[in-house]
Structures are given as structure tokens and as C-alpha cells.
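Asks: Take this structure, written in C-alpha cells, and hold onto it; I'll ask about it next.
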Amino acid sequence: MHDRQGFTCGIASLDTYLKQRASQHQRDGIATTHVLADEDAPTRILGYVTLAAAQVELDALQPADRKRLPHYPVPAVRMGRLAVATSEHGQGYGQWLLGHAVNVSLRLRQQLGVRVLLVDALDAKVAKFYRAFGFRPTATQALTLYLPIGSHRNEK
Ligand SMILES: CC(C)(COP(=O)(O)OP(=O)(O)OC[C@H]1O[C@@H](n2cnc3c(N)ncnc32)[C@H](O)[C@@H]1OP(=O)(O)O)[C@@H](O)C(=O)NCCC(=O)NCCS
């Protein structure tokens, strides 16, 4: 069993989510929580990411990413929350969790359409963190970013 009560990442709402809402959301099909645990102390949570099905308006994508797409909302996976324990910041766990979200999205793509991984950044500083990994701002919301999944443009 993971120690959810002991988790703290510096943003109270993200700590509270893990303690009070994550299990319920998982049960109700609202979002799944993926936890990264400490190998040496498996109950200790190093970080977590939540994922849910989502969609984004075609016009929100940058023009180059809209090419050849049908005029429907674009199927997506939303990374609702991403958090790493304060004591562990800067060690690559955030990057690992992002990579995990990309891998899950790629696997899902074999079962249902997923074109982009979406994220709502808390502020401009966190948006910079995502941009460093290739996320692009949507045309409609500067703090909502997307990463094309498995497309050629993404592989350059
Ligand atoms: C944002 C967060 C998830 C990053 O996790 P982390 O494990 O510290 O990040 P990593 O060690 O994997 O860092 C990867 C890279 O991003 C950079 N980075 C980390 N946090 C950053 C931030 N807040 N802003 C800008 N860049 C950041 C790192 O410098 C690193 O770059 P480098 O490899 O060139 O040095 C973590 O700081 C956190 O949980 N913060 C509080 C909660 C939060 O803000 N969550 C985001 C919700 S949208």
C-alpha cells in the first residue's frame, strides 16, 4: 500500500488530490492515477501523474499540426495532474512520469484514437518545463499545451 498521506509536492491541491480524490476518481472512471514508488521503500511515493480521455478543438492545434486531420475535435489523453515529492525535485522523476504518460498514450492508440497528449500547466514556469519536452501551446489557451503522439513532426 502506498503512503498517500505522507506525499507532499509543494502544491497543496495536488497533495490533497492524492489523499482524498484519486481512488474515487479511479473507481468512477474519471481519471487513473499512476504512481512512481521508491524501489528501496515501495510504500514511498516519489511522484504521480493522472490520465483521462479528452478531446481538443481542431483550431486549438497549431496550423502545421492540423494538416490532414478531419474537421472533428481531436482525440486526446489529458494529463490532469503531475507532481513529484518536494524532496525529490530535479532528479528526473518528472521527466520519467511524462515519458510514462507518452508510453501509455502510445499503447492506448492501438485500441482507440489518440492524437495528442494534453496538459494544463499551472503557470508559465511549469509551461516552460513542458515546452522543453516538445509540448506546444494551444492557439486558444497559452497554458494548455499538447504533444503530438507518434506523428512524424514529433519525431524530428
Ligand atoms: C514540475 C515538476 C513535476 C517537475 O518534476 P521534477 O522531477 O522536479 O523534474 P525533472 O527533474 O524531471 O526535470 C526535468 C527538466 O525540467 C526542468 N524543470 C523541472 N521543474 C521545472 C519547473 N517547475 N519549471 C521549469 N523547468 C523545470 C529541470 O531543470 C530539468 O531540466 P534539465 O534536465 O535540463 O535540468 C515538479 O517540480 C513538481 O512536482 N512541482 C510541483 C507540482 C507542479 O508544479 N506540477 C505541475 C502541474 S501542471
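Chain lettering (A, B, ...) mirrors the order of the C-alpha cells, residue numbering begins at 1 for each chain separately, and ligand numbering begins at 1 in order of display.
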Throw together the list of residues within 8 Å of ligand 1, counting only C-alpha atoms and all ligand atoms, and drop it here as a PyMOL selection string.

Replies: chain A and resi 9-11+14+47+80-86+88-97+119-123+125-130+132

Asks: Would you write out those residues with C-alpha atoms, as a PDB file, in the first residue's frame?

Replies:
```
ATOM      1  CA  CYS A   9       4.959  18.250  -3.673  1.00  0.00           C
ATOM      2  CA  GLY A  10       4.666  21.928  -2.739  1.00  0.00           C
ATOM      3  CA  ILE A  11       1.212  22.468  -4.261  1.00  0.00           C
ATOM      4  CA  LEU A  14      -2.037  18.214  -5.790  1.00  0.00           C
ATOM      5  CA  GLY A  47       5.530  11.217  -7.797  1.00  0.00           C
ATOM      6  CA  GLY A  80      -4.637  16.188 -15.427  1.00  0.00           C
ATOM      7  CA  ARG A  81      -2.046  16.275 -12.669  1.00  0.00           C
ATOM      8  CA  LEU A  82       1.687  15.702 -12.466  1.00  0.00           C
ATOM      9  CA  ALA A  83       3.571  16.006  -9.198  1.00  0.00           C
ATOM     10  CA  VAL A  84       6.918  14.972  -7.727  1.00  0.00           C
ATOM     11  CA  ALA A  85       7.694  14.904  -3.972  1.00  0.00           C
ATOM     12  CA  THR A  86       9.401  18.156  -2.915  1.00  0.00           C
ATOM     13  CA  GLU A  88      12.937  14.659  -4.952  1.00  0.00           C
ATOM     14  CA  HIS A  89      12.598  17.614  -7.330  1.00  0.00           C
ATOM     15  CA  GLY A  90      15.245  17.920 -10.027  1.00  0.00           C
ATOM     16  CA  GLN A  91      16.190  14.248 -10.219  1.00  0.00           C
ATOM     17  CA  GLY A  92      14.400  13.373 -13.416  1.00  0.00           C
ATOM     18  CA  TYR A  93      11.252  11.862 -11.897  1.00  0.00           C
ATOM     19  CA  GLY A  94       9.003  14.477 -13.562  1.00  0.00           C
ATOM     20  CA  GLN A  95      10.589  13.583 -16.878  1.00  0.00           C
ATOM     21  CA  TRP A  96      10.091   9.860 -16.137  1.00  0.00           C
ATOM     22  CA  LEU A  97       6.389  10.406 -15.376  1.00  0.00           C
ATOM     23  CA  VAL A 119      -1.744  19.209 -20.228  1.00  0.00           C
ATOM     24  CA  ASP A 120      -2.925  22.315 -18.371  1.00  0.00           C
ATOM     25  CA  ALA A 121       0.176  23.945 -16.884  1.00  0.00           C
ATOM     26  CA  LEU A 122      -0.286  25.637 -13.519  1.00  0.00           C
ATOM     27  CA  ASP A 123       1.697  28.711 -14.564  1.00  0.00           C
ATOM     28  CA  LYS A 125       7.138  28.457 -15.303  1.00  0.00           C
ATOM     29  CA  VAL A 126       5.642  24.970 -15.418  1.00  0.00           C
ATOM     30  CA  ALA A 127       4.639  25.572 -19.068  1.00  0.00           C
ATOM     31  CA  LYS A 128       8.381  26.024 -19.734  1.00  0.00           C
ATOM     32  CA  PHE A 129       9.026  22.598 -18.198  1.00  0.00           C
ATOM     33  CA  TYR A 130       6.576  21.015 -20.661  1.00  0.00           C
ATOM     34  CA  ALA A 132      11.340  21.661 -23.003  1.00  0.00           C
TER      35      ALA A 132
END
```

Asks: Could you pull the residues within 10 Å of Asp38 of chain A, counting only C-alpha atoms, minus those fewer than 6 positions along the same chain, as a JSON list (two decimals) with N, CA and C atoms, in the first residue's frame?

Replies:
```
[["chain", "number", "residue", "atom", "x", "y", "z"],
["A", 2, "HIS", "N", 0.57, 2.19, -0.90],
["A", 2, "HIS", "CA", 1.36, 3.42, -0.96],
["A", 2, "HIS", "C", 0.97, 4.39, 0.16],
["A", 44, "ARG", "N", 6.73, 4.37, -0.36],
["A", 44, "ARG", "CA", 7.02, 5.80, -0.52],
["A", 44, "ARG", "C", 6.74, 6.27, -1.94],
["A", 45, "ILE", "N", 5.90, 7.29, -2.06],
["A", 45, "ILE", "CA", 5.53, 7.81, -3.38],
["A", 45, "ILE", "C", 6.51, 8.92, -3.79],
["A", 46, "LEU", "N", 7.17, 8.74, -4.92],
["A", 46, "LEU", "CA", 8.10, 9.76, -5.43],
["A", 46, "LEU", "C", 7.35, 10.78, -6.28],
["A", 47, "GLY", "N", 6.29, 10.31, -6.94],
["A", 47, "GLY", "CA", 5.53, 11.22, -7.80],
["A", 47, "GLY", "C", 4.34, 10.50, -8.39]]
```

Asks: Name the residues of segment 10-137 of chain A that fall into strand (DSSP E or B) according to DSSP on the backbone, using the chain letters and numbers of this document, as a PyMOL selection string.

Replies: chain A and resi 32-37+45-56+74-84+116-120+136-137

Asks: So that I can check the surroundings of Arg4 of chain A, please list as number ranges by chain every protein, DNA and RNA residue that reaches within 12 Å of it, counting only C-alpha atoms and ignoring chain neighbours fewer than 2 positions away.

Replies: A: 1-2, 6-9, 14-23, 33, 35-37, 42-48, 85

Asks: List the neighbours of Ser151 of chain A out to 10 Å using only C-alpha atoms; skip same-chain residues closer than 6 positions along the sequence, and give me the result as a PyMOL selection string.

Replies: chain A and resi 65+115-116

Asks: Go ahead and write the residues just picked, C-alpha atoms, as a compact mmCIF listing (two decimals), in the first residue's frame.

Replies:
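Saved to part_39.txt:
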```txt
# COMPACT_ATOMS: atom_id res chain seq x y z
CA ASP A 65 -0.33 20.08 -36.71
CA ARG A 115 -3.64 12.14 -31.45
CA VAL A 116 -2.23 14.37 -28.71
```

Asks: Measuring atom to atom with only C-alpha atoms, identify which of A:Asp28, A:Leu112, A:Leu118, A:Ala12 is nearest to Ala54 of chain A.

Replies: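 So, comparing all the options, the nearest one is A:Leu118.
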
Asks: How would you write, as a PyMOL selection string, the set of residues in segment 25-152 of chain A that DSSP gives as alpha helix (DSSP H)?

Replies: chain A and resi 25-28+63-66+93-108+124-131

Asks: Limited to C-alpha atoms, could you put the picked residues into a file as an mmCIF file, in the first residue's frame?

Replies:
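New file out-v4.cif:
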```
data_model
loop_
_atom_site.group_PDB
_atom_site.id
_atom_site.type_symbol
_atom_site.label_atom_id
_atom_site.label_comp_id
_atom_site.auth_asym_id
_atom_site.auth_seq_id
_atom_site.Cartn_x
_atom_site.Cartn_y
_atom_site.Cartn_z
ATOM 1 C CA HIS A 25 -11.824 9.080 -9.494
ATOM 2 C CA GLN A 26 -10.146 5.819 -10.427
ATOM 3 C CA ARG A 27 -13.216 3.825 -9.298
ATOM 4 C CA ASP A 28 -15.614 6.133 -11.128
ATOM 5 C CA PRO A 63 -1.582 25.124 -38.260
ATOM 6 C CA ALA A 64 1.176 22.620 -39.119
ATOM 7 C CA ASP A 65 -0.331 20.079 -36.714
ATOM 8 C CA ARG A 66 -3.825 20.451 -38.201
ATOM 9 C CA TYR A 93 11.252 11.862 -11.897
ATOM 10 C CA GLY A 94 9.003 14.477 -13.562
ATOM 11 C CA GLN A 95 10.589 13.583 -16.878
ATOM 12 C CA TRP A 96 10.091 9.860 -16.137
ATOM 13 C CA LEU A 97 6.389 10.406 -15.376
ATOM 14 C CA LEU A 98 5.985 12.395 -18.604
ATOM 15 C CA GLY A 99 7.616 9.562 -20.539
ATOM 16 C CA HIS A 100 5.293 7.120 -18.837
ATOM 17 C CA ALA A 101 2.254 9.200 -19.921
ATOM 18 C CA VAL A 102 3.544 9.190 -23.509
ATOM 19 C CA ASN A 103 4.060 5.409 -23.414
ATOM 20 C CA VAL A 104 0.573 4.780 -22.036
ATOM 21 C CA SER A 105 -0.889 7.052 -24.751
ATOM 22 C CA LEU A 106 1.015 5.173 -27.454
ATOM 23 C CA ARG A 107 -0.205 1.838 -26.121
ATOM 24 C CA LEU A 108 -3.784 3.115 -25.958
ATOM 25 C CA ALA A 124 4.183 29.998 -17.146
ATOM 26 C CA LYS A 125 7.138 28.457 -15.303
ATOM 27 C CA VAL A 126 5.642 24.970 -15.418
ATOM 28 C CA ALA A 127 4.639 25.572 -19.068
ATOM 29 C CA LYS A 128 8.381 26.024 -19.734
ATOM 30 C CA PHE A 129 9.026 22.598 -18.198
ATOM 31 C CA TYR A 130 6.576 21.015 -20.661
ATOM 32 C CA ARG A 131 7.860 23.015 -23.630
#
```

Asks: Between atom CA of His71 of chain A and atom CA of Val56 of chain A, what is the distance in Å, rounded to a tenth?

Replies: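 Separation of atom CA of His71 of chain A and atom CA of Val56 of chain A: 11.5 Å.
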
Asks: One decimal, in Å: what's the spacing between atom CA of Gln111 of chain A and atom CA of Pro137 of chain A?

Replies: 26.8 Å

Asks: Using Å and a single decimal, report how far atom CA of Met79 of chain A sits from atom CA of Leu51 of chain A.

Replies: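 A separation of 4.8 Å between them.
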
Asks: Return the single residue from A:Thr32, A:Gln55, A:Gln24, A:Thr50 that is closest to Tyr146 of chain A, with distances computed using only C-alpha atoms.

Replies: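 Result for the nearest residue to Tyr146 of chain A: A:Gln55.
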